[in-house]
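Source file: data17.txt (compact mmCIF, C-alpha atoms and all ligand atoms)
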```txt
# COMPACT_ATOMS: atom_id res chain seq x y z
CA MET X 1 20.30 36.47 -17.95
CA LYS X 2 21.25 32.97 -16.85
CA ALA X 3 19.17 31.19 -14.22
CA ILE X 4 18.51 27.72 -12.91
CA VAL X 5 14.97 26.60 -13.77
CA TYR X 6 12.80 23.53 -13.42
CA HIS X 7 9.75 22.75 -15.51
CA ARG X 8 8.39 19.92 -13.33
CA TYR X 9 8.86 18.50 -9.85
CA GLY X 10 11.52 15.83 -9.45
CA GLY X 11 15.08 15.06 -8.37
CA PRO X 12 18.17 17.23 -8.87
CA GLU X 13 18.15 16.27 -12.57
CA VAL X 14 15.16 18.59 -13.23
CA LEU X 15 17.39 21.62 -12.55
CA GLU X 16 18.59 23.19 -15.79
CA LEU X 17 20.72 26.21 -16.59
CA ALA X 18 18.69 28.41 -18.95
CA GLU X 19 18.77 31.80 -20.60
CA VAL X 20 15.68 33.66 -19.36
CA ALA X 21 14.31 37.17 -19.80
CA PRO X 22 15.87 39.61 -17.33
CA PRO X 23 13.51 40.64 -14.53
CA LYS X 24 11.51 43.85 -14.96
CA VAL X 25 11.98 46.65 -12.45
CA ASN X 26 8.80 48.28 -11.19
CA VAL X 27 8.47 51.70 -9.54
CA ASP X 28 8.71 50.09 -6.11
CA SER X 29 11.23 47.34 -6.76
CA VAL X 30 14.98 46.85 -6.70
CA LEU X 31 17.08 44.97 -9.25
CA VAL X 32 19.90 43.04 -7.59
CA ARG X 33 22.85 41.49 -9.39
CA VAL X 34 23.21 38.26 -7.46
CA HIS X 35 26.71 37.23 -6.38
CA ALA X 36 25.74 34.21 -4.29
CA ALA X 37 22.60 32.21 -3.41
CA ALA X 38 22.28 29.67 -0.60
CA VAL X 39 20.99 26.14 -1.14
CA ASN X 40 18.55 25.46 1.71
CA PRO X 41 16.75 22.19 2.57
CA VAL X 42 13.46 23.85 1.59
CA ASP X 43 14.72 24.35 -1.99
CA LEU X 44 15.16 20.57 -2.29
CA ALA X 45 11.74 19.92 -0.76
CA LEU X 46 9.94 22.36 -3.08
CA ARG X 47 11.77 20.98 -6.13
CA GLY X 48 10.49 17.54 -5.12
CA GLY X 49 6.86 18.76 -5.02
CA TYR X 50 6.49 19.28 -1.26
CA GLY X 51 4.62 22.57 -1.75
CA GLU X 52 2.29 21.31 -4.46
CA THR X 53 -0.87 21.56 -2.37
CA THR X 54 0.01 24.75 -0.52
CA VAL X 55 2.15 26.97 -2.75
CA PRO X 56 0.80 28.14 -6.11
CA THR X 57 3.57 27.23 -8.51
CA TYR X 58 4.03 28.50 -12.06
CA PHE X 59 6.56 26.62 -14.13
CA PRO X 60 9.31 27.19 -14.98
CA VAL X 61 10.38 27.84 -11.40
CA ILE X 62 13.61 29.63 -10.52
CA PRO X 63 14.32 28.23 -7.04
CA GLY X 64 16.11 29.85 -4.11
CA TRP X 65 15.12 32.22 -1.34
CA ASP X 66 18.48 33.55 -0.08
CA ILE X 67 20.70 35.96 -2.00
CA ALA X 68 23.59 38.34 -1.58
CA GLY X 69 24.47 40.83 -4.28
CA VAL X 70 24.74 44.41 -5.48
CA VAL X 71 21.85 46.77 -6.25
CA GLU X 72 21.90 47.54 -9.96
CA GLN X 73 18.77 49.62 -10.43
CA VAL X 74 15.95 50.95 -8.23
CA GLY X 75 12.38 51.97 -9.07
CA ILE X 76 11.54 55.64 -8.80
CA GLY X 77 9.69 55.07 -5.53
CA VAL X 78 12.57 53.37 -3.74
CA GLY X 79 14.52 55.56 -1.34
CA GLU X 80 16.10 52.92 0.89
CA PHE X 81 18.68 51.62 -1.59
CA LYS X 82 20.72 52.97 -4.50
CA PRO X 83 22.77 51.35 -7.26
CA GLY X 84 26.04 49.99 -5.88
CA ASP X 85 24.67 49.10 -2.43
CA GLU X 86 25.70 45.63 -1.25
CA VAL X 87 22.70 43.74 0.11
CA ILE X 88 21.40 40.45 1.42
CA GLY X 89 17.87 39.37 0.53
CA TYR X 90 15.18 36.93 1.56
CA VAL X 91 13.41 36.77 -1.81
CA ARG X 92 10.75 34.22 -0.99
CA ILE X 93 7.48 34.89 -2.78
CA SER X 94 4.73 33.38 -0.66
CA VAL X 95 2.00 33.18 -3.29
CA ALA X 96 3.97 32.22 -6.37
CA HIS X 97 7.06 30.10 -6.11
CA GLN X 98 8.60 31.26 -9.34
CA HIS X 99 11.27 33.99 -9.32
CA GLY X 100 13.95 32.83 -6.90
CA GLY X 101 17.58 33.54 -6.29
CA TYR X 102 19.37 30.91 -8.40
CA ALA X 103 19.80 33.57 -11.06
CA GLU X 104 22.19 36.29 -12.18
CA GLN X 105 19.61 38.98 -11.36
CA VAL X 106 16.56 39.25 -9.11
CA ALA X 107 13.94 42.01 -8.93
CA THR X 108 12.51 42.26 -5.45
CA GLU X 109 10.83 44.66 -3.06
CA PRO X 110 12.98 46.80 -0.76
CA HIS X 111 11.60 45.29 2.45
CA THR X 112 13.11 41.91 1.46
CA LEU X 113 16.62 43.40 1.56
CA ALA X 114 19.06 44.53 4.24
CA PRO X 115 22.59 45.92 3.99
CA LYS X 116 25.19 43.17 3.53
CA PRO X 117 27.46 42.88 6.58
CA ALA X 118 30.78 44.15 5.21
CA ASN X 119 32.78 41.57 7.20
CA LEU X 120 31.04 38.59 5.56
CA SER X 121 32.05 37.06 2.24
CA TRP X 122 29.40 36.88 -0.48
CA GLU X 123 28.93 33.19 0.31
CA GLU X 124 28.51 33.79 4.05
CA ALA X 125 26.14 36.69 3.39
CA ALA X 126 23.96 34.54 1.12
CA ALA X 127 23.72 31.91 3.88
CA LEU X 128 22.33 34.44 6.35
CA PRO X 129 18.71 35.45 5.52
CA LEU X 130 16.55 32.31 5.92
CA ASN X 131 18.61 30.61 8.63
CA GLY X 132 19.21 33.93 10.39
CA LEU X 133 15.50 34.84 10.39
CA THR X 134 14.56 31.35 11.60
CA ALA X 135 17.16 31.31 14.37
CA TYR X 136 16.36 34.88 15.45
CA GLN X 137 12.61 34.30 15.51
CA ALA X 138 13.12 31.10 17.51
CA VAL X 139 15.61 32.44 20.06
CA VAL X 140 14.31 35.98 20.47
CA ARG X 141 10.62 35.86 19.56
CA ALA X 142 9.42 32.31 20.41
CA LEU X 143 11.74 31.45 23.31
CA ASP X 144 12.53 34.95 24.60
CA VAL X 145 16.07 33.91 25.54
CA GLN X 146 17.58 36.53 27.82
CA ALA X 147 20.96 37.17 29.46
CA GLY X 148 21.58 34.61 32.17
CA SER X 149 19.19 31.99 30.83
CA THR X 150 20.19 28.56 29.53
CA LEU X 151 19.22 27.41 26.03
CA LEU X 152 19.50 23.83 24.80
CA VAL X 153 19.80 23.49 20.99
CA TYR X 154 19.30 20.20 19.13
CA GLY X 155 21.08 20.15 15.76
CA ALA X 156 23.45 22.84 17.03
CA ALA X 157 25.90 22.46 14.13
CA GLY X 158 23.29 22.92 11.41
CA GLY X 159 22.47 26.03 9.42
CA VAL X 160 19.69 27.12 11.78
CA GLY X 161 21.17 25.57 14.92
CA SER X 162 24.61 27.18 14.67
CA LEU X 163 23.07 30.63 14.16
CA ALA X 164 20.68 30.07 17.08
CA VAL X 165 23.69 29.20 19.26
CA GLN X 166 25.43 32.44 18.29
CA ILE X 167 22.33 34.64 18.70
CA ALA X 168 21.68 33.26 22.19
CA ILE X 169 25.33 33.72 23.20
CA ALA X 170 25.24 37.30 21.88
CA ARG X 171 22.28 37.88 24.22
CA GLY X 172 24.29 36.65 27.20
CA ALA X 173 22.73 33.20 27.51
CA THR X 174 24.47 29.93 28.31
CA VAL X 175 24.04 27.49 25.42
CA ILE X 176 24.23 23.71 25.41
CA GLY X 177 24.44 22.33 21.88
CA VAL X 178 23.59 18.75 20.93
CA ALA X 179 25.45 17.65 17.80
CA ALA X 180 27.71 14.95 16.40
CA ASP X 181 31.08 14.57 18.16
CA SER X 182 32.85 15.92 15.09
CA HIS X 183 31.24 19.34 15.74
CA ALA X 184 32.25 19.62 19.41
CA GLU X 185 35.33 21.80 18.80
CA MET X 186 33.42 24.13 16.48
CA LEU X 187 30.67 24.53 19.10
CA ARG X 188 33.21 25.24 21.84
CA GLY X 189 34.69 27.87 19.52
CA LEU X 190 31.27 29.55 19.35
CA GLY X 191 31.11 29.59 23.16
CA ALA X 192 28.61 26.72 23.55
CA ARG X 193 28.90 23.58 25.66
CA PRO X 194 28.74 20.60 23.30
CA VAL X 195 26.83 17.42 24.05
CA SER X 196 27.28 14.34 21.88
CA ASP X 197 24.17 13.18 20.01
CA THR X 198 25.45 9.62 20.14
CA GLY X 199 25.63 9.16 23.91
CA PRO X 200 23.01 9.51 26.64
CA ALA X 201 22.41 13.19 25.84
CA LEU X 202 19.93 13.86 28.64
CA GLU X 203 22.40 12.68 31.31
CA GLN X 204 25.12 14.91 29.88
CA ILE X 205 22.69 17.84 29.77
CA ALA X 206 21.65 17.29 33.40
CA ALA X 207 25.32 17.34 34.39
CA LEU X 208 25.94 20.59 32.50
CA ALA X 209 22.73 22.28 33.74
CA PRO X 210 21.88 20.84 37.16
CA ASN X 211 19.22 23.54 37.66
CA GLY X 212 17.54 22.70 34.36
CA VAL X 213 17.30 24.65 31.12
CA ASP X 214 15.03 27.62 30.42
CA ALA X 215 14.44 26.92 26.76
CA VAL X 216 14.86 24.16 24.18
CA LEU X 217 15.16 24.67 20.42
CA ASP X 218 14.63 21.64 18.19
CA THR X 219 15.96 21.78 14.61
CA ILE X 220 15.93 18.01 13.93
CA GLY X 221 12.44 16.69 14.76
CA GLN X 222 12.19 12.91 15.28
CA GLY X 223 10.17 13.35 18.47
CA THR X 224 12.88 15.45 20.13
CA VAL X 225 10.57 17.88 21.95
CA SER X 226 8.35 15.10 23.26
CA ALA X 227 11.31 13.06 24.53
CA VAL X 228 12.99 16.04 26.20
CA ALA X 229 9.79 17.51 27.65
CA ASP X 230 8.80 14.11 29.08
CA ALA X 231 12.23 13.78 30.67
CA ILE X 232 12.87 17.28 32.02
CA GLY X 233 9.38 18.67 32.33
CA HIS X 234 7.44 21.50 30.79
CA GLY X 235 6.52 23.97 33.53
CA ALA X 236 9.65 26.12 33.71
CA THR X 237 11.03 25.24 30.29
CA ARG X 238 9.87 26.67 26.97
CA TYR X 239 10.06 24.57 23.79
CA ALA X 240 10.21 25.61 20.14
CA SER X 241 10.78 23.64 16.96
CA VAL X 242 11.48 24.63 13.38
CA VAL X 243 10.61 21.17 12.00
CA GLU X 244 8.04 19.27 14.03
CA PHE X 245 4.94 20.81 15.54
CA THR X 246 2.86 17.89 16.78
CA ASP X 247 3.62 18.06 20.52
CA HIS X 248 1.32 20.55 22.26
CA ARG X 249 4.28 21.84 24.30
CA THR X 250 6.02 23.10 21.12
CA THR X 251 5.88 26.67 19.86
CA PRO X 252 6.12 26.33 16.07
CA VAL X 253 8.65 28.60 14.39
CA LEU X 254 8.12 29.21 10.68
CA ALA X 255 10.44 31.88 9.33
CA ARG X 256 8.66 35.03 8.25
CA LEU X 257 10.00 38.04 6.47
CA VAL X 258 9.95 40.61 9.26
CA PRO X 259 12.18 43.38 7.88
CA GLU X 260 13.17 44.50 11.39
CA ASP X 261 14.36 40.94 12.16
CA LEU X 262 16.33 40.70 8.89
CA ARG X 263 18.08 43.96 9.77
CA ALA X 264 18.71 42.76 13.34
CA VAL X 265 20.33 39.60 11.97
CA ALA X 266 22.48 41.64 9.55
CA GLU X 267 23.54 43.97 12.39
CA LEU X 268 24.53 41.06 14.65
CA ALA X 269 26.68 39.75 11.80
CA SER X 270 28.19 43.22 11.21
CA ARG X 271 29.20 43.34 14.87
CA GLY X 272 31.00 40.01 14.51
CA GLN X 273 28.45 38.17 16.68
CA LEU X 274 26.90 36.04 13.94
CA ARG X 275 28.67 34.22 11.11
CA PRO X 276 27.00 31.49 9.01
CA ARG X 277 29.04 28.40 8.28
CA VAL X 278 29.64 27.87 4.57
CA GLY X 279 30.49 24.47 3.16
CA ALA X 280 30.90 23.67 -0.50
CA VAL X 281 30.61 26.43 -3.10
CA PHE X 282 29.39 25.61 -6.63
CA PRO X 283 29.03 27.72 -9.78
CA LEU X 284 25.42 28.50 -10.72
CA SER X 285 25.64 25.99 -13.58
CA ALA X 286 26.29 23.15 -11.07
CA ALA X 287 23.07 23.63 -9.08
CA ALA X 288 22.05 19.98 -9.65
CA GLU X 289 25.34 18.75 -8.11
CA ALA X 290 24.83 21.20 -5.24
CA HIS X 291 21.36 19.72 -4.59
CA GLU X 292 22.74 16.17 -4.75
CA LEU X 293 25.36 17.05 -2.14
CA ALA X 294 22.84 18.95 0.01
CA ALA X 295 20.66 15.85 0.12
CA THR X 296 23.46 13.72 1.57
CA ARG X 297 25.54 15.85 3.87
CA HIS X 298 25.03 16.99 7.41
CA GLY X 299 26.13 20.01 9.35
CA GLN X 300 29.16 20.85 7.22
CA GLY X 301 27.99 24.37 6.54
CA ARG X 302 25.57 25.80 4.02
CA ILE X 303 26.11 24.94 0.35
CA VAL X 304 26.20 28.09 -1.75
CA LEU X 305 25.93 28.86 -5.46
CA ARG X 306 28.28 31.56 -6.73
CA MET X 307 27.48 33.70 -9.76
CA ASN X 308 29.16 36.70 -11.36
CA PRO X 309 32.55 35.93 -9.74
N1 LIG X 401 10.53 26.44 10.13
C1 LIG X 401 11.31 27.16 9.34
O1 LIG X 401 11.00 28.29 9.01
C2 LIG X 401 12.59 26.56 8.87
C3 LIG X 401 13.58 27.40 8.36
C4 LIG X 401 14.80 26.83 7.97
C5 LIG X 401 15.00 25.45 8.07
N2 LIG X 401 13.98 24.68 8.53
C6 LIG X 401 14.16 23.23 8.64
O2 LIG X 401 14.99 23.02 9.77
C7 LIG X 401 15.77 21.86 9.57
C8 LIG X 401 17.22 22.21 9.77
O3 LIG X 401 17.60 23.08 8.73
P1 LIG X 401 19.12 23.46 8.54
O4 LIG X 401 19.18 24.37 7.40
O5 LIG X 401 19.68 23.91 9.84
O6 LIG X 401 19.71 22.03 8.16
P2 LIG X 401 21.21 21.55 8.14
O7 LIG X 401 22.13 22.72 7.97
O8 LIG X 401 21.29 20.43 7.19
O9 LIG X 401 21.48 21.01 9.60
C9 LIG X 401 20.76 19.95 10.15
C10 LIG X 401 21.51 19.57 11.43
O10 LIG X 401 20.73 18.63 12.17
C11 LIG X 401 21.63 17.71 12.70
N3 LIG X 401 20.96 16.46 13.05
C12 LIG X 401 20.25 15.64 12.28
N4 LIG X 401 19.80 14.62 13.00
C13 LIG X 401 20.26 14.82 14.26
C14 LIG X 401 20.14 14.11 15.48
N5 LIG X 401 19.43 12.98 15.54
N6 LIG X 401 20.73 14.61 16.61
C15 LIG X 401 21.42 15.78 16.56
N7 LIG X 401 21.59 16.48 15.41
C16 LIG X 401 21.01 16.01 14.30
C17 LIG X 401 22.68 17.51 11.66
O11 LIG X 401 23.79 17.03 12.35
P3 LIG X 401 24.97 16.18 11.67
O12 LIG X 401 25.88 17.17 11.07
O13 LIG X 401 25.61 15.49 12.79
O14 LIG X 401 24.33 15.24 10.72
C18 LIG X 401 22.85 18.93 11.16
O15 LIG X 401 23.86 19.62 11.88
C19 LIG X 401 15.45 21.35 8.16
O16 LIG X 401 14.50 20.33 8.27
C20 LIG X 401 14.85 22.57 7.50
O17 LIG X 401 13.96 22.22 6.46
C21 LIG X 401 12.80 25.19 8.94
```

I'd like the structure from this file rewritten - as structure tokens, please.
Amino acid sequence: MKAIVYHRYGGPEVLELAEVAPPKVNVDSVLVRVHAAAVNPVDLALRGGYGETTVPTYFPVIPGWDIAGVVEQVGIGVGEFKPGDEVIGYVRISVAHQHGGYAEQVATEPHTLAPKPANLSWEEAAALPLNGLTAYQAVVRALDVQAGSTLLVYGAAGGVGSLAVQIAIARGATVIGVAADSHAEMLRGLGARPVSDTGPALEQIAALAPNGVDAVLDTIGQGTVSAVADAIGHGATRYASVVEFTDHRTTPVLARLVPEDLRAVAELASRGQLRPRVGAVFPLSAAAEAHELAATRHGQGRIVLRMNP
């Protein structure tokens, strides 16, 4: 099968299209024919060597944690899926960063998969697992956002931020989203109240939420939690970040594969309450170009690799 591999850490140029042995299917694993794989910021970071001291890495690495595809074969012990099922998958391997989703086929364990929401395209479905898990675990688990509460999201147009906005709105919360002016209309369309990240954001937020906000989600770092918590206080407001964990008032959110959460995210999408934003789509062979673009662009939707069209 064809896959993108890298044999050493480096820039986008280390990504190569290669012919590799097809994955083996064990008694408890599922072989998925991958239709699309998302390009996430973490893929770029790992390719650059970010995980060198913490993630055992065996070269050549096939990058990519997010896939959408069709089940081709199941091990004899797998009852949850059958050939032909359309699935999404979070195929991160925590101890060996080696067999990722930038490939025509992936063998993975059933708990990493959930049914693909039928109303999403392959590209949208591939953009759902990591960002959906992160947003869900931030909004629901870390911040416990409930109906009637007010959530403030920094980086509201991003992959994680835009899903967090939608999850909180689906729960009946009011959402204020801080993003570039160019995203204001999109955020209004999701049901959020946009705040420009170029102006005096805290004054705009105070005007929109005179009684304060119940929870703040940071997806951009740069001292955001500290600045906001200093300005609006900590007591009644909960803070979570997916990028910066230094302030003691922050609950760190690091996406984990909780199968129940992956299914919850897929179900929200099936009900039309959650739709990832997809930007550019590249063929598998153009993964290096996709990484170059991902390193430069902001908030235009997830970049996705498309295989087996
Ligand atoms: N902890 C975890 O488990 C986890 C999981 C997934 C992602 N992450 C991390 O979370 C971060 C966001 O990921 P993503 O996939 O959502 O990235 P993304 O799709 O590239 O979005 C990043 C967003 O942040 C916005 N932004 C950047 N600086 C900003 C500022 N000063 N004020 C307001 N908005 C700003 C960008 O806005 P513009 O469009 O205006 O530039 C963009 O919309 C990344 O660092 C990623 O590595 C962590």

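For range 147-156 of chain X, the list of residues within 7 Å, based on only C-alpha atoms and with local chain neighbours fewer than 2 positions off taken out, reads X:Val145, X:Gly158, X:Gly161, X:Ser162, X:Val165, X:Arg171, X:Gly172, X:Ala173, X:Thr174, X:Val175, X:Ile176, X:Gly177, X:Val178, X:Ala179, X:Val213, X:Asp214, X:Ala215, X:Val216, X:Leu217, X:Asp218, X:Thr219, X:Ile220.
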
As lines of an AutoDock Vina configuration file, what would the box around range 167-182 of chain X look like: edges along x, y and z, 3 Å added on every side, centre and edge lengths in Å to one decimal?
```
center_x = 27.3
center_y = 26.2
center_z = 21.7
size_x = 17.2
size_y = 29.3
size_z = 19.2
```

- Task: Go ahead and compute the interatomic distance for atom O1 of ligand LIG 401 (chain X) and CA of Gly89 in chain X, in Å to one decimal.
- Result: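 Rounded to one decimal, the two atoms are 15.6 Å apart.
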
- Query: Leu187 in chain X: which residues within 8 Å, counting all atoms listed in the file, same-chain residues fewer than 3 positions away excluded, as a PyMOL selection string?
  - Reply: chain X and resi 156-157+162+177+183-184+190-194

- Task: Name the residues in contact with Leu44 in chain X at a cut-off of 9 Å, using all atoms listed in the file, excluding same-chain residues fewer than 4 positions from it; report them as a PyMOL selection string.
- Result: chain X and resi 11-12+39-40+48-50+291+294-295

Please rebuild range 96-107 of chain X with all heavy atoms and give the result as a JSON list (two decimals), in the coordinates of the input.
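And here is the file that came out, rebuild-v1.json:
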```json
[["chain", "number", "residue", "atom", "x", "y", "z"],
["X", 96, "ALA", "N", 3.60, 32.78, -5.06],
["X", 96, "ALA", "CA", 3.97, 32.22, -6.37],
["X", 96, "ALA", "C", 5.44, 31.85, -6.33],
["X", 96, "ALA", "O", 6.31, 32.70, -6.42],
["X", 96, "ALA", "CB", 3.73, 33.24, -7.48],
["X", 97, "HIS", "N", 5.69, 30.57, -6.21],
["X", 97, "HIS", "CA", 7.06, 30.10, -6.11],
["X", 97, "HIS", "C", 7.64, 30.07, -7.51],
["X", 97, "HIS", "O", 7.52, 29.10, -8.23],
["X", 97, "HIS", "CB", 7.06, 28.72, -5.46],
["X", 97, "HIS", "CG", 8.41, 28.15, -5.34],
["X", 97, "HIS", "ND1", 8.77, 26.94, -5.85],
["X", 97, "HIS", "CD2", 9.53, 28.65, -4.81],
["X", 97, "HIS", "CE1", 10.04, 26.71, -5.61],
["X", 97, "HIS", "NE2", 10.52, 27.74, -4.99],
["X", 98, "GLN", "N", 8.22, 31.17, -7.94],
["X", 98, "GLN", "CA", 8.60, 31.26, -9.34],
["X", 98, "GLN", "C", 9.91, 32.01, -9.61],
["X", 98, "GLN", "O", 10.72, 31.53, -10.38],
["X", 98, "GLN", "CB", 7.46, 31.96, -10.12],
["X", 98, "GLN", "CG", 7.61, 31.84, -11.61],
["X", 98, "GLN", "CD", 6.44, 32.48, -12.34],
["X", 98, "GLN", "OE1", 5.75, 33.31, -11.77],
["X", 98, "GLN", "NE2", 6.25, 32.10, -13.57],
["X", 99, "HIS", "N", 10.11, 33.15, -8.98],
["X", 99, "HIS", "CA", 11.27, 33.99, -9.32],
["X", 99, "HIS", "C", 12.27, 34.00, -8.18],
["X", 99, "HIS", "O", 12.33, 34.96, -7.42],
["X", 99, "HIS", "CB", 10.83, 35.42, -9.64],
["X", 99, "HIS", "CG", 9.96, 35.52, -10.85],
["X", 99, "HIS", "ND1", 10.45, 35.27, -12.11],
["X", 99, "HIS", "CD2", 8.67, 35.84, -10.99],
["X", 99, "HIS", "CE1", 9.47, 35.43, -12.98],
["X", 99, "HIS", "NE2", 8.37, 35.76, -12.32],
["X", 100, "GLY", "N", 13.04, 32.94, -8.03],
["X", 100, "GLY", "CA", 13.95, 32.83, -6.90],
["X", 100, "GLY", "C", 15.34, 33.34, -7.19],
["X", 100, "GLY", "O", 15.59, 34.03, -8.18],
["X", 101, "GLY", "N", 16.26, 32.95, -6.31],
["X", 101, "GLY", "CA", 17.58, 33.54, -6.29],
["X", 101, "GLY", "C", 18.66, 32.79, -7.05],
["X", 101, "GLY", "O", 19.79, 33.27, -7.13],
["X", 102, "TYR", "N", 18.35, 31.62, -7.63],
["X", 102, "TYR", "CA", 19.37, 30.91, -8.40],
["X", 102, "TYR", "C", 19.44, 31.56, -9.78],
["X", 102, "TYR", "O", 19.15, 30.94, -10.81],
["X", 102, "TYR", "CB", 19.01, 29.44, -8.59],
["X", 102, "TYR", "CG", 18.99, 28.53, -7.38],
["X", 102, "TYR", "CD1", 19.01, 29.00, -6.07],
["X", 102, "TYR", "CD2", 18.96, 27.14, -7.57],
["X", 102, "TYR", "CE1", 18.98, 28.13, -4.99],
["X", 102, "TYR", "CE2", 18.93, 26.26, -6.50],
["X", 102, "TYR", "CZ", 18.94, 26.77, -5.21],
["X", 102, "TYR", "OH", 18.90, 25.89, -4.15],
["X", 103, "ALA", "N", 19.85, 32.80, -9.82],
["X", 103, "ALA", "CA", 19.80, 33.57, -11.06],
["X", 103, "ALA", "C", 20.84, 34.69, -11.00],
["X", 103, "ALA", "O", 21.28, 35.07, -9.91],
["X", 103, "ALA", "CB", 18.41, 34.18, -11.24],
["X", 104, "GLU", "N", 21.20, 35.21, -12.18],
["X", 104, "GLU", "CA", 22.19, 36.29, -12.18],
["X", 104, "GLU", "C", 21.58, 37.60, -11.68],
["X", 104, "GLU", "O", 22.31, 38.47, -11.21],
["X", 104, "GLU", "CB", 22.74, 36.47, -13.59],
["X", 104, "GLU", "CG", 23.63, 35.30, -14.00],
["X", 104, "GLU", "CD", 24.21, 35.45, -15.39],
["X", 104, "GLU", "OE1", 23.51, 35.95, -16.29],
["X", 104, "GLU", "OE2", 25.37, 35.03, -15.58],
["X", 105, "GLN", "N", 20.27, 37.76, -11.83],
["X", 105, "GLN", "CA", 19.61, 38.98, -11.36],
["X", 105, "GLN", "C", 18.27, 38.62, -10.73],
["X", 105, "GLN", "O", 17.60, 37.67, -11.17],
["X", 105, "GLN", "CB", 19.33, 39.94, -12.53],
["X", 105, "GLN", "CG", 20.58, 40.56, -13.11],
["X", 105, "GLN", "CD", 20.25, 41.28, -14.41],
["X", 105, "GLN", "OE1", 19.69, 40.68, -15.34],
["X", 105, "GLN", "NE2", 20.56, 42.56, -14.47],
["X", 106, "VAL", "N", 17.87, 39.42, -9.74],
["X", 106, "VAL", "CA", 16.56, 39.25, -9.11],
["X", 106, "VAL", "C", 15.94, 40.63, -8.93],
["X", 106, "VAL", "O", 16.63, 41.56, -8.50],
["X", 106, "VAL", "CB", 16.69, 38.58, -7.72],
["X", 106, "VAL", "CG1", 15.38, 38.62, -6.97],
["X", 106, "VAL", "CG2", 17.14, 37.13, -7.86],
["X", 107, "ALA", "N", 14.67, 40.77, -9.26],
["X", 107, "ALA", "CA", 13.94, 42.01, -8.93],
["X", 107, "ALA", "C", 13.09, 41.71, -7.71],
["X", 107, "ALA", "O", 12.36, 40.71, -7.68],
["X", 107, "ALA", "CB", 13.08, 42.44, -10.10]]
```
